[in-house]
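Accompanying notes for the structure given below.
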Amino acid sequence: MQLVLQIVANGLLIGGLYALLAVGLTLIFGVLRVVNFAHAEFMMLGMYGAYWLWSIYGLDPYVSVFLITPVVFLLGVAVDRLVVQRSIGKPDVTVVFATLGLSILLQNAALTLWRADIRSVSTFATGSVFVVGGVRLSVAMTVSFAAALLFALGLWFFLTRTMYGKAIQAVAQNRRAAALMGIDVKRVYLFTYSVAVAAAGAMGVLVAPIFTIFPRVGQTHIVTIFVIVVLGGLGSVPGAVVAALLVGIIRAGAGFLIGTAWGELAYFAVFLLVLIVRPQGFFGRRGAEVYGG
Amino acid sequence: MLEVRNVTVDFVGLRAVDHVSFAAEKGQIVGLIGPNGAGKTTLFNVVSGLIRPTSGSVVFEGQDLSRLGPADRNRKGIGRTFQVVKPFGGLTVLDNVVVGALTRGQGLVEARQTARATLQRLRLDRFADTIAHSLPLALRKRLEVARALATGPKLMLLDEMMGGLNPTEVNETLSLIQELNAEGLTFLVIEHNMSAIMRIAEKVLVLNQGAVLVEGPPAVVTRDEQVISVYLGEPIESA
Amino acid sequence: MRISDASPISPAGARIAAAAALVLLLCVPLVVRDIYRLDLGITVLIWASLATAWNISGGFAGGLSLGHAAFFGVGAYTSTLLFLRLGITPWIGIFAGAVLAAMLGALLGVITFRLKGPFFVLATLAFGIVVHIINVNWRGLTRGAAGLLLPFRGGPQNMLFLNLWAYWYTGLGLLVLTVGVSMGIERSRLGYYLVALREDEDAARSLGVRVVRSKVIAAAVSAALAACAGSVYAAFIQYIDPDSTTQFELSVQIALVAIVGGMGTTFGPVLGAAIVIPLGEMLRARLGGGAALVVYGFLLMVIVLTAPNGAIAGVRLLVRRLRRLIDSRRKADA
Ligand SMILES: Nc1ncnc2c1ncn2[C@@H]1O[C@H](COP(=O)(O)OP(=O)(O)OP(=O)(O)O)[C@@H](O)[C@H]1O
Ligand SMILES: [Mg+2]
């Protein structure tokens, strides 16, 4: 029983981290209709930011997160202007391969600049755990979990309760109608993309104390994030959160029961199955897979 | 020839077609009219198999089509055009039509001959080598007809062919329809242009909010009180 | 979904040019004596075949696959394992690999034909990754990350040669096969159907084009040809492992080569390989692996954003201009 609780707790925590990435990715898809293949690269950049600020200035990631997140936001603005917006409305090849190219570029720029060495940040949070009801929880994981949930909740509130949030939703539903209503669609794209990648960057910083840092670290996560986002229904924010937590638990459980590699295989199989049987995911708009692509 | 039996189509929170039944006999030209959003195009989508109705069925030449997809329905003899034209934009006009001729089982050489003949008939032959997306709208609409004709249909569904055409073009289109009809092709025609419908249709079906409002000969339908109030606004003199 | 302005029928000029190019390619080993260059040339031939294979489903039918490395790997592993375990020559193994890949491709086609745009891309990506994970972890069969070494046994009857020029001709044979199939499809009923489906699926269906059948055949043929390239690659390099055969990056590169050259056309992917592979080699030699990939990524971005029809569109434009120039000269002379 204790073991089950521990596995579920581990799964939930890791799922929370995924949620922070997945919510951004799904938001970008919902609003811009672009699958941001470069999404996890912004997390990688956040990690390196945390590493350099820690190793040069001794800044704790929990401090530097407030410096790095705005920088990643600005980077998002630039990328949206230069790459993403230019691909919108173009044929599928352009939409897919523009961000894929960006991902290759960023990954290898990191590789060239900082080499393939595995780096790590060690702070008070690195090894520390606290125990609740016999379940051991990593401090760093818990902090990032909380940040992820806060972000998701804040976003949900923003999207459903504020004027600008509603404008974003209008664009997600029908960009032409939104434009006719006087909404500056391009501004909405810019804002959405930058906020989403800034969240990915923030997550990179927050997990720096516990994850190893290397140029291709994004690559190891992005496919899991795709799985989550499709399970939750591309474009659905609550769907992404639920699916992220679910995948976290499945991963932790399967990893324990049948080994990491076969566990991974299991959820890819589930992913393919969902795409085939219910491509709109569990929360997604029906027909999105046919008409929205 | 075509029987639509009690067809209903529900979209999320909206009934687009509401228990519609009607029949078209071989050799008839049946007009389908109604205000915007009445469900006319949706009904075409059901007949051509692009969407499955929530309930009801479509019978063509005595055979229930429910299990057949659009491709097989076309091979049974149902051709259609699209209100929002859907050319194969990257192909030449000729190649667009060749696709239609190929699916009826013709070889490439024969299909190309059929395509050329069809283009000639629709006086599109001058544009055979033009890339379809650079064609003006009126011609793209004609290309829709050419492509569908090349498949050798027995029943043709025309969705707002005349919108945006000038009177001469409308006349041309009407005489083409009548010519093809004389050769035995059955038509189901969606049209907002009432005087055009009146000139060719044997029977008119008025759809309103998904349901059949009135069905009958054009002269009768246009004098119907209900039709006048929901659709026409004022009586139309028969031409 | 419009991808290229290419009509399914390529101009007769292209065919004449192709025949001339083939004659030149046949002469290459007689002229090029430099081992390094010939080696690179063989790599280009294999990549040209692989991209041509991808293009049949990706370009003609518009299904942007990011999982084609899986089929390449199936080909490489099938012929190699049949050779190692059962002593069956890769000349036969290549067909076994092609059949196996065709079945897998058809399966993938059946389960993905309904998906559009990003959904299709993600499904093929996941499929490729599943195959890669199996490849890495099914050590009893594939020896996992350790890879498989092809012992030099028997020689030509086992697709193993002492001379590079023999590999050149094997690679050229592979290219002729894939381009031949691609041309055949382009000029066939199936070619028309695929392009029609790509341009507008609803219109194509309403004209009687059967979606599943057309897409599944395309997927199977494409997979089979990619597998053939895999078998030839294995015999050429004589060592295969998951990283060099089924990795995701490889799938991206296959698509990249076809896109840079011009997807949806028969000769675009070949041109793409002739540009991308030597360029990649040069960049790697000059700048190192990471920086070369930075350029790759940048190139990919710029091409899809500014010239999604690829290099072949430029070539066509050039040819047309030249022709007009020549015509006007002729008129001026007359
Ligand atoms: N795929 C769909 N999903 C949801 N609603 C739809 C869909 N297609 C049509 N509708 C709705 O169904 C109703 C009927 O539409 P339809 O296109 O059949 O009307 P119509 O009679 O052809 O109108 P028009 O004269 O404007 O062409 C409309 O309210 C439309 O918004
Ligand atoms: Mg309509």
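Chain labels A, B, ... are given in the sequence in which chains occur in the structure tokens; within each chain residues are numbered consecutively from 1, and ligands are likewise numbered from 1 in the order shown.
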
Contacts with ligand 2 at most 7 Å, only C-alpha atoms and all ligand atoms counted, listed as a ChimeraX atom specification: /B:37,39-41,83,159

Please determine the contact residues of chain B with respect to chain C at a cut-off of 6 Å, counting only C-alpha atoms, and supply them as a JSON list (two decimals) with N, CA, C and O atoms, in the first residue's frame.
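Result saved to result09.json:
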[["chain", "number", "residue", "atom", "x", "y", "z"],
["B", 70, "PRO", "N", -18.73, 8.01, -50.15],
["B", 70, "PRO", "CA", -18.93, 8.88, -51.31],
["B", 70, "PRO", "C", -18.35, 8.30, -52.60],
["B", 70, "PRO", "O", -18.96, 8.46, -53.67],
["B", 71, "ALA", "N", -17.20, 7.64, -52.52],
["B", 71, "ALA", "CA", -16.58, 7.11, -53.73],
["B", 71, "ALA", "C", -17.49, 6.07, -54.38],
["B", 71, "ALA", "O", -17.73, 6.10, -55.58],
["B", 74, "ASN", "N", -20.54, 7.58, -55.95],
["B", 74, "ASN", "CA", -20.26, 8.15, -57.25],
["B", 74, "ASN", "C", -20.21, 7.06, -58.31],
["B", 74, "ASN", "O", -20.73, 7.22, -59.41],
["B", 75, "ARG", "N", -19.60, 5.94, -57.94],
["B", 75, "ARG", "CA", -19.50, 4.84, -58.92],
["B", 75, "ARG", "C", -20.87, 4.24, -59.24],
["B", 75, "ARG", "O", -21.05, 3.63, -60.27],
["B", 88, "PHE", "N", -8.96, 20.76, -57.70],
["B", 88, "PHE", "CA", -7.61, 20.29, -57.34],
["B", 88, "PHE", "C", -6.68, 21.40, -57.82],
["B", 88, "PHE", "O", -6.22, 21.39, -58.96],
["B", 90, "GLY", "N", -3.71, 22.53, -57.66],
["B", 90, "GLY", "CA", -2.38, 22.44, -58.24],
["B", 90, "GLY", "C", -2.34, 21.74, -59.60],
["B", 90, "GLY", "O", -1.31, 21.71, -60.25],
["B", 91, "LEU", "N", -3.47, 21.15, -59.99],
["B", 91, "LEU", "CA", -3.50, 20.43, -61.26],
["B", 91, "LEU", "C", -4.05, 21.32, -62.38],
["B", 91, "LEU", "O", -4.76, 22.29, -62.11],
["B", 100, "GLY", "N", -11.88, 12.51, -62.74],
["B", 100, "GLY", "CA", -13.25, 12.04, -62.81],
["B", 100, "GLY", "C", -13.42, 10.90, -63.81],
["B", 100, "GLY", "O", -14.06, 9.89, -63.53],
["B", 103, "THR", "N", -12.04, 7.35, -62.65],
["B", 103, "THR", "CA", -12.73, 6.53, -61.66],
["B", 103, "THR", "C", -13.86, 5.71, -62.28],
["B", 103, "THR", "O", -14.37, 4.81, -61.66]]

Within 8 Å of Met47 (chain A) using only C-alpha atoms, minus same-chain residues under 5 positions, as a ChimeraX atom specification: /A:201,204-208,213

Any chance you could export the current selection's all heavy atoms as a PDB file, in the first residue's frame?
ATOM      1  N   GLY A 201      10.142  27.519 -20.357  1.00  0.00           N
ATOM      2  CA  GLY A 201      11.425  27.985 -19.839  1.00  0.00           C
ATOM      3  C   GLY A 201      11.446  27.964 -18.323  1.00  0.00           C
ATOM      4  O   GLY A 201      12.410  27.497 -17.696  1.00  0.00           O
ATOM      5  N   GLY A 204      11.946  24.619 -16.989  1.00  0.00           N
ATOM      6  CA  GLY A 204      13.347  24.218 -17.088  1.00  0.00           C
ATOM      7  C   GLY A 204      14.147  24.705 -15.897  1.00  0.00           C
ATOM      8  O   GLY A 204      14.957  23.972 -15.318  1.00  0.00           O
ATOM      9  N   VAL A 205      13.913  25.958 -15.526  1.00  0.00           N
ATOM     10  CA  VAL A 205      14.650  26.514 -14.391  1.00  0.00           C
ATOM     11  C   VAL A 205      14.296  25.770 -13.105  1.00  0.00           C
ATOM     12  O   VAL A 205      15.170  25.389 -12.317  1.00  0.00           O
ATOM     13  CB  VAL A 205      14.331  28.016 -14.216  1.00  0.00           C
ATOM     14  CG1 VAL A 205      15.134  28.595 -13.065  1.00  0.00           C
ATOM     15  CG2 VAL A 205      14.608  28.769 -15.504  1.00  0.00           C
ATOM     16  N   LEU A 206      13.019  25.538 -12.897  1.00  0.00           N
ATOM     17  CA  LEU A 206      12.569  24.945 -11.645  1.00  0.00           C
ATOM     18  C   LEU A 206      13.071  23.514 -11.453  1.00  0.00           C
ATOM     19  O   LEU A 206      13.280  23.071 -10.320  1.00  0.00           O
ATOM     20  CB  LEU A 206      11.033  24.974 -11.559  1.00  0.00           C
ATOM     21  CG  LEU A 206      10.422  26.366 -11.434  1.00  0.00           C
ATOM     22  CD1 LEU A 206       8.906  26.287 -11.393  1.00  0.00           C
ATOM     23  CD2 LEU A 206      10.939  27.078 -10.182  1.00  0.00           C
ATOM     24  N   VAL A 207      13.232  22.788 -12.538  1.00  0.00           N
ATOM     25  CA  VAL A 207      13.677  21.404 -12.373  1.00  0.00           C
ATOM     26  C   VAL A 207      15.197  21.263 -12.464  1.00  0.00           C
ATOM     27  O   VAL A 207      15.727  20.174 -12.273  1.00  0.00           O
ATOM     28  CB  VAL A 207      13.030  20.442 -13.404  1.00  0.00           C
ATOM     29  CG1 VAL A 207      11.524  20.417 -13.234  1.00  0.00           C
ATOM     30  CG2 VAL A 207      13.416  20.822 -14.814  1.00  0.00           C
ATOM     31  N   ALA A 208      15.885  22.396 -12.720  1.00  0.00           N
ATOM     32  CA  ALA A 208      17.338  22.327 -12.849  1.00  0.00           C
ATOM     33  C   ALA A 208      18.012  21.652 -11.647  1.00  0.00           C
ATOM     34  O   ALA A 208      18.970  20.900 -11.826  1.00  0.00           O
ATOM     35  CB  ALA A 208      17.908  23.724 -13.090  1.00  0.00           C
ATOM     36  N   ILE A 213      21.331  18.213 -17.077  1.00  0.00           N
ATOM     37  CA  ILE A 213      21.148  19.199 -18.140  1.00  0.00           C
ATOM     38  C   ILE A 213      22.077  18.863 -19.294  1.00  0.00           C
ATOM     39  O   ILE A 213      23.290  18.717 -19.095  1.00  0.00           O
ATOM     40  CB  ILE A 213      21.482  20.612 -17.597  1.00  0.00           C
ATOM     41  CG1 ILE A 213      20.569  20.917 -16.405  1.00  0.00           C
ATOM     42  CG2 ILE A 213      21.341  21.659 -18.690  1.00  0.00           C
ATOM     43  CD1 ILE A 213      21.026  22.098 -15.593  1.00  0.00           C
TER      44      ILE A 213
END

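Pocket residues of ligand 1, taken as those with any atom at most 8 Å away using only C-alpha atoms and all ligand atoms, are Phe11, Val12, Leu14, Arg15, Ala16, Val17, Ile33, Gly34, Pro35, Asn36, Gly37, Ala38, Gly39, Lys40, Thr41, Thr42, Leu43, Phe44, Gln83, Glu160, His192, Leu207, Gln209 and Gly210 of chain B.
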
Residues as selected, N, CA, C and O atoms, written as a short mmCIF file (atom, residue, chain, number, x, y, z; two decimals), in the first residue's frame, can you do that?
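That gives us part.cif:
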data_model
loop_
_atom_site.label_atom_id
_atom_site.label_comp_id
_atom_site.auth_asym_id
_atom_site.auth_seq_id
_atom_site.Cartn_x
_atom_site.Cartn_y
_atom_site.Cartn_z
N PHE B 11 -26.11 18.39 -35.82
CA PHE B 11 -24.78 18.82 -35.45
C PHE B 11 -24.84 19.19 -33.98
O PHE B 11 -25.93 19.23 -33.41
N VAL B 12 -23.66 19.47 -33.39
CA VAL B 12 -23.66 19.82 -31.97
C VAL B 12 -24.63 20.98 -31.73
O VAL B 12 -24.44 22.08 -32.23
N LEU B 14 -27.57 21.61 -32.86
CA LEU B 14 -28.27 22.17 -34.02
C LEU B 14 -28.79 21.04 -34.89
O LEU B 14 -28.07 20.10 -35.22
N ARG B 15 -30.08 21.13 -35.25
CA ARG B 15 -30.62 20.15 -36.19
C ARG B 15 -30.62 20.77 -37.57
O ARG B 15 -31.39 21.69 -37.85
N ALA B 16 -29.73 20.30 -38.43
CA ALA B 16 -29.56 20.94 -39.74
C ALA B 16 -30.57 20.40 -40.74
O ALA B 16 -31.03 21.13 -41.62
N VAL B 17 -30.90 19.12 -40.62
CA VAL B 17 -31.91 18.52 -41.49
C VAL B 17 -32.88 17.77 -40.59
O VAL B 17 -32.46 17.02 -39.71
N ILE B 33 -34.93 24.67 -52.83
CA ILE B 33 -34.71 26.06 -52.44
C ILE B 33 -34.96 26.23 -50.96
O ILE B 33 -35.45 25.32 -50.29
N GLY B 34 -34.60 27.39 -50.46
CA GLY B 34 -34.77 27.66 -49.04
C GLY B 34 -33.79 28.71 -48.60
O GLY B 34 -32.76 28.92 -49.24
N PRO B 35 -34.09 29.40 -47.48
CA PRO B 35 -33.20 30.46 -47.01
C PRO B 35 -31.83 29.93 -46.60
O PRO B 35 -31.64 28.72 -46.48
N ASN B 36 -30.89 30.84 -46.39
CA ASN B 36 -29.54 30.44 -45.96
C ASN B 36 -29.62 29.64 -44.67
O ASN B 36 -30.38 29.97 -43.77
N GLY B 37 -28.84 28.56 -44.64
CA GLY B 37 -28.81 27.75 -43.43
C GLY B 37 -29.99 26.81 -43.30
O GLY B 37 -30.19 26.19 -42.26
N ALA B 38 -30.77 26.66 -44.38
CA ALA B 38 -31.95 25.80 -44.32
C ALA B 38 -31.58 24.32 -44.28
O ALA B 38 -32.39 23.48 -43.91
N GLY B 39 -30.34 24.00 -44.67
CA GLY B 39 -29.92 22.60 -44.64
C GLY B 39 -29.80 21.97 -46.01
O GLY B 39 -29.65 20.76 -46.13
N LYS B 40 -29.81 22.80 -47.06
CA LYS B 40 -29.77 22.27 -48.42
C LYS B 40 -28.45 21.55 -48.71
O LYS B 40 -28.43 20.41 -49.17
N THR B 41 -27.34 22.25 -48.41
CA THR B 41 -26.04 21.64 -48.69
C THR B 41 -25.83 20.40 -47.82
O THR B 41 -25.28 19.39 -48.28
N THR B 42 -26.30 20.48 -46.59
CA THR B 42 -26.17 19.33 -45.70
C THR B 42 -26.90 18.12 -46.29
O THR B 42 -26.39 17.00 -46.25
N LEU B 43 -28.06 18.37 -46.88
CA LEU B 43 -28.82 17.29 -47.50
C LEU B 43 -28.03 16.69 -48.67
O LEU B 43 -27.98 15.47 -48.84
N PHE B 44 -27.39 17.54 -49.45
CA PHE B 44 -26.53 17.05 -50.53
C PHE B 44 -25.40 16.18 -49.98
O PHE B 44 -25.05 15.16 -50.56
N GLN B 83 -20.80 23.89 -53.50
CA GLN B 83 -21.14 25.31 -53.42
C GLN B 83 -19.87 26.14 -53.24
O GLN B 83 -19.64 27.12 -53.94
N GLU B 160 -25.84 25.49 -56.03
CA GLU B 160 -25.70 26.91 -56.34
C GLU B 160 -24.69 27.21 -57.43
O GLU B 160 -23.67 27.85 -57.23
N HIS B 192 -30.64 29.74 -55.52
CA HIS B 192 -31.35 30.89 -54.95
C HIS B 192 -32.05 31.70 -56.04
O HIS B 192 -32.98 32.45 -55.78
N LEU B 207 -37.10 24.03 -48.43
CA LEU B 207 -36.59 23.63 -47.13
C LEU B 207 -36.55 24.84 -46.22
O LEU B 207 -36.16 25.93 -46.64
N GLN B 209 -35.42 25.71 -42.09
CA GLN B 209 -34.93 25.22 -40.81
C GLN B 209 -34.85 23.70 -40.79
O GLN B 209 -35.23 23.05 -39.83
N GLY B 210 -34.35 23.16 -41.88
CA GLY B 210 -34.10 21.73 -41.92
C GLY B 210 -35.27 20.88 -42.38
O GLY B 210 -35.09 19.72 -42.72
#

Test item: residues at most 12 Å from Ala201 (chain B), only C-alpha atoms, excluding those fewer than 4 positions along its chain, as a PyMOL selection string: chain B and resi 24+27-33+174+177-178+181+186-191+193-197+205+215-219+221

Using only C-alpha atoms, which residues of region 140-202 of chain A come within 9 Å of region 229-240 of chain A, and what is the closest atom pair for each, with the distance in Å to one decimal? Give it as JSON lines, sorted by chain and residue number.
{"residue": "A:Ala152", "atom": "CA", "partner": "A:Val237", "partner_atom": "CA", "distance": 7.7}
{"residue": "A:Leu155", "atom": "CA", "partner": "A:Val237", "partner_atom": "CA", "distance": 8.6}
{"residue": "A:Trp156", "atom": "CA", "partner": "A:Val237", "partner_atom": "CA", "distance": 7.5}
{"residue": "A:Ala172", "atom": "CA", "partner": "A:Gly235", "partner_atom": "CA", "distance": 8.4}

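Near chain A, within 7 Å and counting only C-alpha atoms, the residues of chain C are Met1, Arg2, Ile3, Ile111, Thr112, Leu115, Lys116, Gly117, Pro118, Phe119, Ala123, Ala126, Val130, Ile133, Gly290, Ala291, Leu293, Val294, Gly297, Phe298, Leu300, Met301, Val304, Leu305 and Pro308 of chain C.
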
Spatial neighbours of Ala198 (chain A), max dist 10 Å, only C-alpha atoms, sep filter under 4 positions, as an NGL selection string: :A and (21 or 24 or 39 or 42-43 or 46 or 68-77 or 192-194 or 202-204)

Which of region 7-191 of chain C fall in alpha helix (DSSP H), as a VMD selection string: chain C and resid 12 to 31 35 to 55 69 to 86 90 to 112 117 to 137 139 to 142 164 to 186 189 to 191

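Shell of region 257-272 of chain C at 6 Å, with only C-alpha atoms counted and residues fewer than 4 places along the chain excluded, is Ala48, Ala51, Thr52, Gly59, Phe60, Val276, Asn309, Gly310, Ala311 and Ile312 of chain C.
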
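The environment of region 151-166 of chain C within 8 Å, counting only C-alpha atoms and disregarding residues fewer than 6 places along the same chain, consists of Pro29, Ile35, Leu38, Asp39, Thr89, Pro90, Trp91, Ala235, Phe236 and Gln238 of chain C.
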
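Note that the spacing between CA of Gly13 (chain B) and CA of Pro53 (chain B) amounts to 15.1 Å.
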
Shortest interatomic distance to Gly79 (chain B) - which of B:Pro153, B:Val99, B:Thr168, B:Leu185, counting only C-alpha atoms: B:Pro153

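Of all the residues in region 87-256 of chain A, the ones DSSP labels as strand (DSSP E or B) from the backbone are Arg119, Val129, Phe130, Val131, Val132, Val135, Arg136, Leu137, Ser138 and Ile213 of chain A.
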
Give me a file of those residues, with C-alpha atoms, as a PDB file, in the first residue's frame.
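Written file, again.pdb:
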ATOM      1  CA  ARG A 119      25.715  19.329 -16.215  1.00  0.00           C
ATOM      2  CA  VAL A 129      12.795  15.308   0.673  1.00  0.00           C
ATOM      3  CA  PHE A 130       9.987  15.628   3.123  1.00  0.00           C
ATOM      4  CA  VAL A 131       7.740  12.890   4.355  1.00  0.00           C
ATOM      5  CA  VAL A 132       3.957  13.053   4.396  1.00  0.00           C
ATOM      6  CA  VAL A 135       5.374   9.014   1.437  1.00  0.00           C
ATOM      7  CA  ARG A 136       8.674  10.681   0.542  1.00  0.00           C
ATOM      8  CA  LEU A 137       8.313  13.771  -1.631  1.00  0.00           C
ATOM      9  CA  SER A 138      11.171  15.618  -3.310  1.00  0.00           C
ATOM     10  CA  ILE A 213      21.148  19.199 -18.140  1.00  0.00           C
TER      11      ILE A 213
END
